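Asks: Below: one structure in structure tokens.
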Amino acid sequence: MKYQFDFAAVLAQWPLLLEGAWVTVQLSFLSTVIGFGLGALCAVGRGSRHEWLRRLVGVYVEGIRNTPLLIQSYFLIFGLSSVGVTMPIMVGAVLALVINIGAYTCEIIRAGIESIHKGQLEAADCLGMSKLQVFWHVILRPAVERVYPSLTSQFVLLMLASSIMSSIGAEELLGIANRIQSDTFRNFEIFLVLWVVYLALSYLMRLGFWLLGQIVFTRRRKLGTPL
């Protein structure tokens, strides 16, 4: 049995695919920015001198990292709605992605913070730096610089995982593709196009993070250390 390829019907829907790709980009950008902030705060909390805060962050991190993103998103959209807490689909999608990526970001940044040698903290104290200056210049920024490649990979995975949000009704790239597939019945063609689009988005995202690293981490750029 010979299969007759027909990409014309799929490519004719390029405005819809472009719209879905744009929604995916928006979901990824918002989730990356907010999730990074949440992860950084949680990483600081895990190293806090207050045991209750360490335990609270630990429960959040372990609870999220050991459960599927699909279940988390279903809980936020369908679970909470059953008890009267409703939210727009896109808000729920962003919230689910932020909560998920925040836990992974927390552990990555925590590893970077723990890699900072105590001698650097002692040197900063001898220089009379304030606690805020020590935290920013000696702890957080160098820690993020060391784990930046891992963060980049995790955020790219977040963009790919945003396809799961189609299961809760988000009109992102996969959701649009499923709609086109149901209209055209060209399963092979639509998912091949989808594969190419996600691949392009991944490379563009990595390029964006590389450019950001070149701007933010000037020391690495001068030393020629790869990001």
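Lettering and numbering for the structure tokens are positional, with chains as A, B, ... in the shown order, residues counted from 1 in each chain, and ligands counted from 1 in the shown order.
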Using backbone DSSP assignments, extract all helix (DSSP H, G or I) residues from segment 2-224 of chain A; output them as number ranges by chain.
Replies: A: 8-11, 14-46, 51-65, 69-81, 89-114, 118-126, 131-168, 173-184, 187-216, 218-223
Asks: Enumerate, in order of chain and increasing residue number, the residues of segment 95-151 of chain A with an atom no farther than 7 Å from segment 30-51 of chain A, each with its shortest atom pair and distance in Å to one decimal, counting only C-alpha atoms, as a tab-separated table.
Replies:
residue	atom	partner	partner_atom	distance
A:Leu97	CA	A:Ser31	CA	5.8
A:Val98	CA	A:Gly35	CA	4.6
A:Ile99	CA	A:Gly35	CA	6.9
A:Ile101	CA	A:Gly35	CA	5.7
A:Gly102	CA	A:Gly39	CA	4.3
A:Ala103	CA	A:Gly39	CA	6.1
A:Thr105	CA	A:Gly39	CA	4.8
A:Cys106	CA	A:Gly39	CA	4.0
A:Glu107	CA	A:Ala43	CA	6.6
A:Ile109	CA	A:Ala43	CA	6.1
A:Arg110	CA	A:Ala43	CA	4.9
Asks: Please provide the set of residues having any atom within 12 Å of Leu201 of chain A, restricted to only C-alpha atoms, with same-chain residues fewer than 3 positions apart removed, written as a PDB file with C-alpha atoms, in the first residue's frame.
Replies:
ATOM      1  CA  LEU A  18       2.146  30.523  13.248  1.00  0.00           C
ATOM      2  CA  ALA A  21       3.888  28.786  17.621  1.00  0.00           C
ATOM      3  CA  TRP A  22       3.469  32.328  18.959  1.00  0.00           C
ATOM      4  CA  THR A  24       4.081  28.454  22.596  1.00  0.00           C
ATOM      5  CA  VAL A  25       6.709  31.203  22.606  1.00  0.00           C
ATOM      6  CA  SER A  28       7.742  29.555  27.310  1.00  0.00           C
ATOM      7  CA  PHE A 155      14.257  25.905  29.855  1.00  0.00           C
ATOM      8  CA  VAL A 156      14.381  24.388  26.373  1.00  0.00           C
ATOM      9  CA  LEU A 157      12.798  21.253  27.815  1.00  0.00           C
ATOM     10  CA  LEU A 158      10.168  23.508  29.355  1.00  0.00           C
ATOM     11  CA  MET A 159       9.324  24.885  25.926  1.00  0.00           C
ATOM     12  CA  LEU A 160       8.933  21.347  24.581  1.00  0.00           C
ATOM     13  CA  LEU A 173       1.352  24.666  18.756  1.00  0.00           C
ATOM     14  CA  LEU A 194       5.314  19.961  13.845  1.00  0.00           C
ATOM     15  CA  TRP A 195       8.623  18.149  14.390  1.00  0.00           C
ATOM     16  CA  VAL A 196      10.426  20.703  12.180  1.00  0.00           C
ATOM     17  CA  VAL A 197       8.795  23.680  13.916  1.00  0.00           C
ATOM     18  CA  TYR A 198       9.676  22.441  17.411  1.00  0.00           C
ATOM     19  CA  LEU A 204      16.278  29.599  18.270  1.00  0.00           C
ATOM     20  CA  MET A 205      15.800  29.381  22.021  1.00  0.00           C
ATOM     21  CA  ARG A 206      19.308  28.031  22.529  1.00  0.00           C
ATOM     22  CA  LEU A 207      20.668  30.834  20.354  1.00  0.00           C
ATOM     23  CA  GLY A 208      18.775  33.373  22.439  1.00  0.00           C
TER      24      GLY A 208
END
Asks: May I ask which of the residues A:Trp52, A:Tyr3, A:Tyr74, A:Phe29 is the closest one to Ile168 of chain A, counting only C-alpha atoms?
Replies: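 Distance minimum relative to Ile168 of chain A lands on A:Tyr74.
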Asks: Using only C-alpha atoms, which of A:Ala9, A:Ile71, A:Leu212, A:Met90 sits nearest Thr152 of chain A?
Replies: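 Using only C-alpha atoms, Thr152 of chain A sits closest to A:Leu212.
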Asks: If you count only C-alpha atoms, which residues fall within 12 Å of Leu140 of chain A, apart from same-chain ones fewer than 2 positions away, as number ranges by chain?
Replies: A: 37, 39-41, 43-44, 108-116, 121, 131-138, 142-148
Asks: Within 12 Å of Ile190 of chain A, counting only C-alpha atoms, which residues qualify if same-chain residues fewer than 5 places away don't, as a PDB file with all heavy atoms, in the first residue's frame?
Replies:
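Output (around_21.pdb):
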ATOM      1  N   PHE A   5       1.694  11.385  -0.209  1.00  0.00           N
ATOM      2  CA  PHE A   5       1.981  12.563   0.606  1.00  0.00           C
ATOM      3  C   PHE A   5       1.267  13.790   0.040  1.00  0.00           C
ATOM      4  O   PHE A   5       1.229  14.004  -1.172  1.00  0.00           O
ATOM      5  CB  PHE A   5       3.486  12.832   0.653  1.00  0.00           C
ATOM      6  CG  PHE A   5       4.256  11.778   1.384  1.00  0.00           C
ATOM      7  CD1 PHE A   5       4.885  10.746   0.695  1.00  0.00           C
ATOM      8  CD2 PHE A   5       4.360  11.805   2.764  1.00  0.00           C
ATOM      9  CE1 PHE A   5       5.595   9.772   1.373  1.00  0.00           C
ATOM     10  CE2 PHE A   5       5.063  10.836   3.446  1.00  0.00           C
ATOM     11  CZ  PHE A   5       5.683   9.813   2.740  1.00  0.00           C
ATOM     12  N   ASP A   6       0.726  14.581   0.964  1.00  0.00           N
ATOM     13  CA  ASP A   6       0.043  15.808   0.559  1.00  0.00           C
ATOM     14  C   ASP A   6       0.259  16.856   1.644  1.00  0.00           C
ATOM     15  O   ASP A   6      -0.484  16.927   2.620  1.00  0.00           O
ATOM     16  CB  ASP A   6      -1.449  15.547   0.358  1.00  0.00           C
ATOM     17  CG  ASP A   6      -2.188  16.807  -0.091  1.00  0.00           C
ATOM     18  OD1 ASP A   6      -1.504  17.786  -0.484  1.00  0.00           O
ATOM     19  OD2 ASP A   6      -3.430  16.821  -0.030  1.00  0.00           O
ATOM     20  N   PHE A   7       1.329  17.651   1.459  1.00  0.00           N
ATOM     21  CA  PHE A   7       1.636  18.704   2.424  1.00  0.00           C
ATOM     22  C   PHE A   7       0.871  19.996   2.134  1.00  0.00           C
ATOM     23  O   PHE A   7       0.862  20.905   2.956  1.00  0.00           O
ATOM     24  CB  PHE A   7       3.140  19.002   2.419  1.00  0.00           C
ATOM     25  CG  PHE A   7       3.958  17.954   3.098  1.00  0.00           C
ATOM     26  CD1 PHE A   7       4.523  16.914   2.389  1.00  0.00           C
ATOM     27  CD2 PHE A   7       4.174  18.003   4.472  1.00  0.00           C
ATOM     28  CE1 PHE A   7       5.282  15.949   3.012  1.00  0.00           C
ATOM     29  CE2 PHE A   7       4.939  17.040   5.108  1.00  0.00           C
ATOM     30  CZ  PHE A   7       5.487  16.010   4.379  1.00  0.00           C
ATOM     31  N   ALA A   8       0.257  20.080   0.968  1.00  0.00           N
ATOM     32  CA  ALA A   8      -0.413  21.317   0.577  1.00  0.00           C
ATOM     33  C   ALA A   8      -1.534  21.671   1.543  1.00  0.00           C
ATOM     34  O   ALA A   8      -1.681  22.834   1.962  1.00  0.00           O
ATOM     35  CB  ALA A   8      -0.959  21.182  -0.850  1.00  0.00           C
ATOM     36  N   ALA A   9      -2.329  20.672   1.930  1.00  0.00           N
ATOM     37  CA  ALA A   9      -3.449  20.931   2.827  1.00  0.00           C
ATOM     38  C   ALA A   9      -2.972  21.400   4.196  1.00  0.00           C
ATOM     39  O   ALA A   9      -3.621  22.227   4.856  1.00  0.00           O
ATOM     40  CB  ALA A   9      -4.301  19.673   2.967  1.00  0.00           C
ATOM     41  N   VAL A  10      -1.824  20.873   4.624  1.00  0.00           N
ATOM     42  CA  VAL A  10      -1.268  21.259   5.930  1.00  0.00           C
ATOM     43  C   VAL A  10      -0.628  22.638   5.867  1.00  0.00           C
ATOM     44  O   VAL A  10      -0.886  23.503   6.713  1.00  0.00           O
ATOM     45  CB  VAL A  10      -0.239  20.214   6.399  1.00  0.00           C
ATOM     46  CG1 VAL A  10       0.471  20.684   7.670  1.00  0.00           C
ATOM     47  CG2 VAL A  10      -0.919  18.870   6.633  1.00  0.00           C
ATOM     48  N   LEU A  11       0.197  22.858   4.850  1.00  0.00           N
ATOM     49  CA  LEU A  11       0.897  24.144   4.738  1.00  0.00           C
ATOM     50  C   LEU A  11      -0.060  25.286   4.450  1.00  0.00           C
ATOM     51  O   LEU A  11       0.262  26.455   4.718  1.00  0.00           O
ATOM     52  CB  LEU A  11       1.964  24.052   3.641  1.00  0.00           C
ATOM     53  CG  LEU A  11       3.098  23.056   3.919  1.00  0.00           C
ATOM     54  CD1 LEU A  11       4.083  23.035   2.757  1.00  0.00           C
ATOM     55  CD2 LEU A  11       3.822  23.404   5.216  1.00  0.00           C
ATOM     56  N   ALA A  12      -1.229  24.970   3.912  1.00  0.00           N
ATOM     57  CA  ALA A  12      -2.227  26.014   3.678  1.00  0.00           C
ATOM     58  C   ALA A  12      -2.732  26.604   4.995  1.00  0.00           C
ATOM     59  O   ALA A  12      -3.290  27.707   5.018  1.00  0.00           O
ATOM     60  CB  ALA A  12      -3.393  25.454   2.871  1.00  0.00           C
ATOM     61  N   GLN A  13      -2.513  25.864   6.084  1.00  0.00           N
ATOM     62  CA  GLN A  13      -2.951  26.326   7.408  1.00  0.00           C
ATOM     63  C   GLN A  13      -1.825  27.038   8.165  1.00  0.00           C
ATOM     64  O   GLN A  13      -1.859  27.116   9.392  1.00  0.00           O
ATOM     65  CB  GLN A  13      -3.433  25.121   8.226  1.00  0.00           C
ATOM     66  CG  GLN A  13      -4.546  24.327   7.587  1.00  0.00           C
ATOM     67  CD  GLN A  13      -5.837  25.103   7.508  1.00  0.00           C
ATOM     68  OE1 GLN A  13      -6.110  25.958   8.345  1.00  0.00           O
ATOM     69  NE2 GLN A  13      -6.650  24.810   6.500  1.00  0.00           N
ATOM     70  N   TRP A  14      -0.839  27.564   7.435  1.00  0.00           N
ATOM     71  CA  TRP A  14       0.313  28.168   8.107  1.00  0.00           C
ATOM     72  C   TRP A  14      -0.041  29.322   9.042  1.00  0.00           C
ATOM     73  O   TRP A  14       0.632  29.517  10.067  1.00  0.00           O
ATOM     74  CB  TRP A  14       1.355  28.609   7.070  1.00  0.00           C
ATOM     75  CG  TRP A  14       0.939  29.769   6.204  1.00  0.00           C
ATOM     76  CD1 TRP A  14       0.373  29.713   4.974  1.00  0.00           C
ATOM     77  CD2 TRP A  14       1.082  31.160   6.512  1.00  0.00           C
ATOM     78  NE1 TRP A  14       0.125  30.966   4.478  1.00  0.00           N
ATOM     79  CE2 TRP A  14       0.563  31.882   5.410  1.00  0.00           C
ATOM     80  CE3 TRP A  14       1.594  31.865   7.594  1.00  0.00           C
ATOM     81  CZ2 TRP A  14       0.531  33.270   5.375  1.00  0.00           C
ATOM     82  CZ3 TRP A  14       1.571  33.255   7.558  1.00  0.00           C
ATOM     83  CH2 TRP A  14       1.044  33.945   6.464  1.00  0.00           C
ATOM     84  N   LEU A  17      -0.751  27.654  12.281  1.00  0.00           N
ATOM     85  CA  LEU A  17       0.486  27.128  12.862  1.00  0.00           C
ATOM     86  C   LEU A  17       1.342  28.245  13.446  1.00  0.00           C
ATOM     87  O   LEU A  17       1.943  28.092  14.512  1.00  0.00           O
ATOM     88  CB  LEU A  17       1.274  26.361  11.800  1.00  0.00           C
ATOM     89  CG  LEU A  17       0.687  25.017  11.368  1.00  0.00           C
ATOM     90  CD1 LEU A  17       1.447  24.474  10.154  1.00  0.00           C
ATOM     91  CD2 LEU A  17       0.743  24.010  12.516  1.00  0.00           C
ATOM     92  N   LEU A 173       0.990  25.277  20.031  1.00  0.00           N
ATOM     93  CA  LEU A 173       1.352  24.666  18.756  1.00  0.00           C
ATOM     94  C   LEU A 173       0.741  23.275  18.574  1.00  0.00           C
ATOM     95  O   LEU A 173       0.165  22.974  17.519  1.00  0.00           O
ATOM     96  CB  LEU A 173       2.879  24.605  18.635  1.00  0.00           C
ATOM     97  CG  LEU A 173       3.449  24.154  17.286  1.00  0.00           C
ATOM     98  CD1 LEU A 173       2.921  25.021  16.163  1.00  0.00           C
ATOM     99  CD2 LEU A 173       4.970  24.200  17.325  1.00  0.00           C
ATOM    100  N   LEU A 174       0.856  22.412  19.559  1.00  0.00           N
ATOM    101  CA  LEU A 174       0.305  21.066  19.429  1.00  0.00           C
ATOM    102  C   LEU A 174      -1.220  21.094  19.378  1.00  0.00           C
ATOM    103  O   LEU A 174      -1.840  20.332  18.632  1.00  0.00           O
ATOM    104  CB  LEU A 174       0.778  20.188  20.579  1.00  0.00           C
ATOM    105  CG  LEU A 174       0.285  18.736  20.558  1.00  0.00           C
ATOM    106  CD1 LEU A 174       0.717  18.038  19.267  1.00  0.00           C
ATOM    107  CD2 LEU A 174       0.795  17.971  21.776  1.00  0.00           C
ATOM    108  N   GLY A 175      -1.824  21.980  20.158  1.00  0.00           N
ATOM    109  CA  GLY A 175      -3.273  22.094  20.138  1.00  0.00           C
ATOM    110  C   GLY A 175      -3.790  22.504  18.769  1.00  0.00           C
ATOM    111  O   GLY A 175      -4.781  21.960  18.269  1.00  0.00           O
ATOM    112  N   ILE A 176      -3.102  23.469  18.144  1.00  0.00           N
ATOM    113  CA  ILE A 176      -3.468  23.898  16.792  1.00  0.00           C
ATOM    114  C   ILE A 176      -3.238  22.767  15.797  1.00  0.00           C
ATOM    115  O   ILE A 176      -4.060  22.532  14.898  1.00  0.00           O
ATOM    116  CB  ILE A 176      -2.654  25.139  16.387  1.00  0.00           C
ATOM    117  CG1 ILE A 176      -3.052  26.350  17.252  1.00  0.00           C
ATOM    118  CG2 ILE A 176      -2.828  25.455  14.912  1.00  0.00           C
ATOM    119  CD1 ILE A 176      -4.462  26.845  17.021  1.00  0.00           C
ATOM    120  N   ALA A 177      -2.126  22.052  15.950  1.00  0.00           N
ATOM    121  CA  ALA A 177      -1.806  20.949  15.045  1.00  0.00           C
ATOM    122  C   ALA A 177      -2.866  19.855  15.118  1.00  0.00           C
ATOM    123  O   ALA A 177      -3.252  19.276  14.092  1.00  0.00           O
ATOM    124  CB  ALA A 177      -0.434  20.384  15.372  1.00  0.00           C
ATOM    125  N   ASN A 178      -3.344  19.574  16.321  1.00  0.00           N
ATOM    126  CA  ASN A 178      -4.396  18.565  16.466  1.00  0.00           C
ATOM    127  C   ASN A 178      -5.676  18.996  15.769  1.00  0.00           C
ATOM    128  O   ASN A 178      -6.384  18.174  15.167  1.00  0.00           O
ATOM    129  CB  ASN A 178      -4.670  18.302  17.951  1.00  0.00           C
ATOM    130  CG  ASN A 178      -3.588  17.475  18.606  1.00  0.00           C
ATOM    131  OD1 ASN A 178      -2.943  16.651  17.962  1.00  0.00           O
ATOM    132  ND2 ASN A 178      -3.357  17.692  19.892  1.00  0.00           N
ATOM    133  N   ARG A 179      -5.964  20.305  15.839  1.00  0.00           N
ATOM    134  CA  ARG A 179      -7.146  20.811  15.151  1.00  0.00           C
ATOM    135  C   ARG A 179      -6.996  20.674  13.632  1.00  0.00           C
ATOM    136  O   ARG A 179      -7.926  20.263  12.940  1.00  0.00           O
ATOM    137  CB  ARG A 179      -7.392  22.266  15.521  1.00  0.00           C
ATOM    138  CG  ARG A 179      -8.758  22.772  15.050  1.00  0.00           C
ATOM    139  CD  ARG A 179      -8.784  24.277  14.873  1.00  0.00           C
ATOM    140  NE  ARG A 179      -8.378  24.997  16.067  1.00  0.00           N
ATOM    141  CZ  ARG A 179      -8.296  26.341  16.091  1.00  0.00           C
ATOM    142  NH1 ARG A 179      -8.568  27.038  14.986  1.00  0.00           N
ATOM    143  NH2 ARG A 179      -7.916  26.963  17.182  1.00  0.00           N
ATOM    144  N   ILE A 180      -5.809  21.008  13.123  1.00  0.00           N
ATOM    145  CA  ILE A 180      -5.564  20.888  11.681  1.00  0.00           C
ATOM    146  C   ILE A 180      -5.630  19.423  11.249  1.00  0.00           C
ATOM    147  O   ILE A 180      -6.176  19.090  10.195  1.00  0.00           O
ATOM    148  CB  ILE A 180      -4.190  21.495  11.321  1.00  0.00           C
ATOM    149  CG1 ILE A 180      -4.191  23.004  11.602  1.00  0.00           C
ATOM    150  CG2 ILE A 180      -3.842  21.234   9.858  1.00  0.00           C
ATOM    151  CD1 ILE A 180      -2.844  23.667  11.414  1.00  0.00           C
ATOM    152  N   GLN A 181      -5.080  18.561  12.084  1.00  0.00           N
ATOM    153  CA  GLN A 181      -5.091  17.124  11.762  1.00  0.00           C
ATOM    154  C   GLN A 181      -6.514  16.589  11.678  1.00  0.00           C
ATOM    155  O   GLN A 181      -6.848  15.782  10.794  1.00  0.00           O
ATOM    156  CB  GLN A 181      -4.289  16.365  12.815  1.00  0.00           C
ATOM    157  CG  GLN A 181      -4.230  14.863  12.616  1.00  0.00           C
ATOM    158  CD  GLN A 181      -5.368  14.136  13.312  1.00  0.00           C
ATOM    159  OE1 GLN A 181      -5.863  14.598  14.337  1.00  0.00           O
ATOM    160  NE2 GLN A 181      -5.799  13.036  12.740  1.00  0.00           N
ATOM    161  N   SER A 182      -7.382  17.038  12.583  1.00  0.00           N
ATOM    162  CA  SER A 182      -8.766  16.563  12.553  1.00  0.00           C
ATOM    163  C   SER A 182      -9.531  17.095  11.354  1.00  0.00           C
ATOM    164  O   SER A 182     -10.510  16.477  10.924  1.00  0.00           O
ATOM    165  CB  SER A 182      -9.482  16.964  13.849  1.00  0.00           C
ATOM    166  OG  SER A 182      -9.569  18.382  13.957  1.00  0.00           O
ATOM    167  N   ASP A 183      -9.072  18.225  10.790  1.00  0.00           N
ATOM    168  CA  ASP A 183      -9.739  18.798   9.619  1.00  0.00           C
ATOM    169  C   ASP A 183      -9.220  18.195   8.312  1.00  0.00           C
ATOM    170  O   ASP A 183      -9.980  18.028   7.356  1.00  0.00           O
ATOM    171  CB  ASP A 183      -9.542  20.317   9.581  1.00  0.00           C
ATOM    172  CG  ASP A 183     -10.301  21.025  10.699  1.00  0.00           C
ATOM    173  OD1 ASP A 183     -11.280  20.441  11.207  1.00  0.00           O
ATOM    174  OD2 ASP A 183      -9.904  22.151  11.067  1.00  0.00           O
ATOM    175  N   THR A 184      -7.914  17.909   8.272  1.00  0.00           N
ATOM    176  CA  THR A 184      -7.301  17.460   7.016  1.00  0.00           C
ATOM    177  C   THR A 184      -7.075  15.953   6.959  1.00  0.00           C
ATOM    178  O   THR A 184      -6.914  15.395   5.862  1.00  0.00           O
ATOM    179  CB  THR A 184      -5.949  18.158   6.814  1.00  0.00           C
ATOM    180  OG1 THR A 184      -5.062  17.791   7.887  1.00  0.00           O
ATOM    181  CG2 THR A 184      -6.111  19.670   6.798  1.00  0.00           C
ATOM    182  N   PHE A 185      -7.021  15.295   8.107  1.00  0.00           N
ATOM    183  CA  PHE A 185      -6.731  13.861   8.203  1.00  0.00           C
ATOM    184  C   PHE A 185      -5.354  13.504   7.629  1.00  0.00           C
ATOM    185  O   PHE A 185      -5.120  12.380   7.218  1.00  0.00           O
ATOM    186  CB  PHE A 185      -7.817  13.027   7.493  1.00  0.00           C
ATOM    187  CG  PHE A 185      -9.186  13.222   8.069  1.00  0.00           C
ATOM    188  CD1 PHE A 185     -10.094  14.044   7.440  1.00  0.00           C
ATOM    189  CD2 PHE A 185      -9.540  12.605   9.255  1.00  0.00           C
ATOM    190  CE1 PHE A 185     -11.362  14.237   7.976  1.00  0.00           C
ATOM    191  CE2 PHE A 185     -10.803  12.800   9.805  1.00  0.00           C
ATOM    192  CZ  PHE A 185     -11.718  13.619   9.149  1.00  0.00           C
ATOM    193  N   TRP A 195       7.267  18.525  13.976  1.00  0.00           N
ATOM    194  CA  TRP A 195       8.623  18.149  14.390  1.00  0.00           C
ATOM    195  C   TRP A 195       9.630  19.211  13.952  1.00  0.00           C
ATOM    196  O   TRP A 195      10.508  19.607  14.721  1.00  0.00           O
ATOM    197  CB  TRP A 195       8.965  16.789  13.777  1.00  0.00           C
ATOM    198  CG  TRP A 195      10.334  16.284  14.103  1.00  0.00           C
ATOM    199  CD1 TRP A 195      10.729  15.675  15.246  1.00  0.00           C
ATOM    200  CD2 TRP A 195      11.484  16.353  13.257  1.00  0.00           C
ATOM    201  NE1 TRP A 195      12.066  15.342  15.179  1.00  0.00           N
ATOM    202  CE2 TRP A 195      12.548  15.751  13.965  1.00  0.00           C
ATOM    203  CE3 TRP A 195      11.716  16.858  11.985  1.00  0.00           C
ATOM    204  CZ2 TRP A 195      13.824  15.657  13.427  1.00  0.00           C
ATOM    205  CZ3 TRP A 195      12.989  16.750  11.452  1.00  0.00           C
ATOM    206  CH2 TRP A 195      14.027  16.157  12.170  1.00  0.00           C
ATOM    207  N   VAL A 196       9.509  19.685  12.711  1.00  0.00           N
ATOM    208  CA  VAL A 196      10.426  20.703  12.180  1.00  0.00           C
ATOM    209  C   VAL A 196      10.274  22.017  12.935  1.00  0.00           C
ATOM    210  O   VAL A 196      11.268  22.674  13.284  1.00  0.00           O
ATOM    211  CB  VAL A 196      10.182  20.915  10.670  1.00  0.00           C
ATOM    212  CG1 VAL A 196      11.001  22.096  10.157  1.00  0.00           C
ATOM    213  CG2 VAL A 196      10.524  19.650   9.887  1.00  0.00           C
ATOM    214  N   VAL A 197       9.032  22.410  13.222  1.00  0.00           N
ATOM    215  CA  VAL A 197       8.795  23.680  13.916  1.00  0.00           C
ATOM    216  C   VAL A 197       9.363  23.639  15.331  1.00  0.00           C
ATOM    217  O   VAL A 197      10.031  24.591  15.772  1.00  0.00           O
ATOM    218  CB  VAL A 197       7.290  24.005  13.946  1.00  0.00           C
ATOM    219  CG1 VAL A 197       7.037  25.254  14.797  1.00  0.00           C
ATOM    220  CG2 VAL A 197       6.765  24.234  12.533  1.00  0.00           C
TER     221      VAL A 197
END
Asks: Suppose you want the space between atom CA of Ala161 of chain A and atom CA of Val85 of chain A; what is it in Å?
Replies: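 Computing the Euclidean distance for atom CA of Ala161 of chain A and atom CA of Val85 of chain A yields 24.6 Å.
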Asks: For a quick check of understanding, using only C-alpha atoms, which of A:Ala93, A:Leu56, A:Leu211, A:Ala200 has the smallest distance to Ser163 of chain A?
Replies: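 Counting only C-alpha atoms, the residue closest to Ser163 of chain A is A:Ala93.
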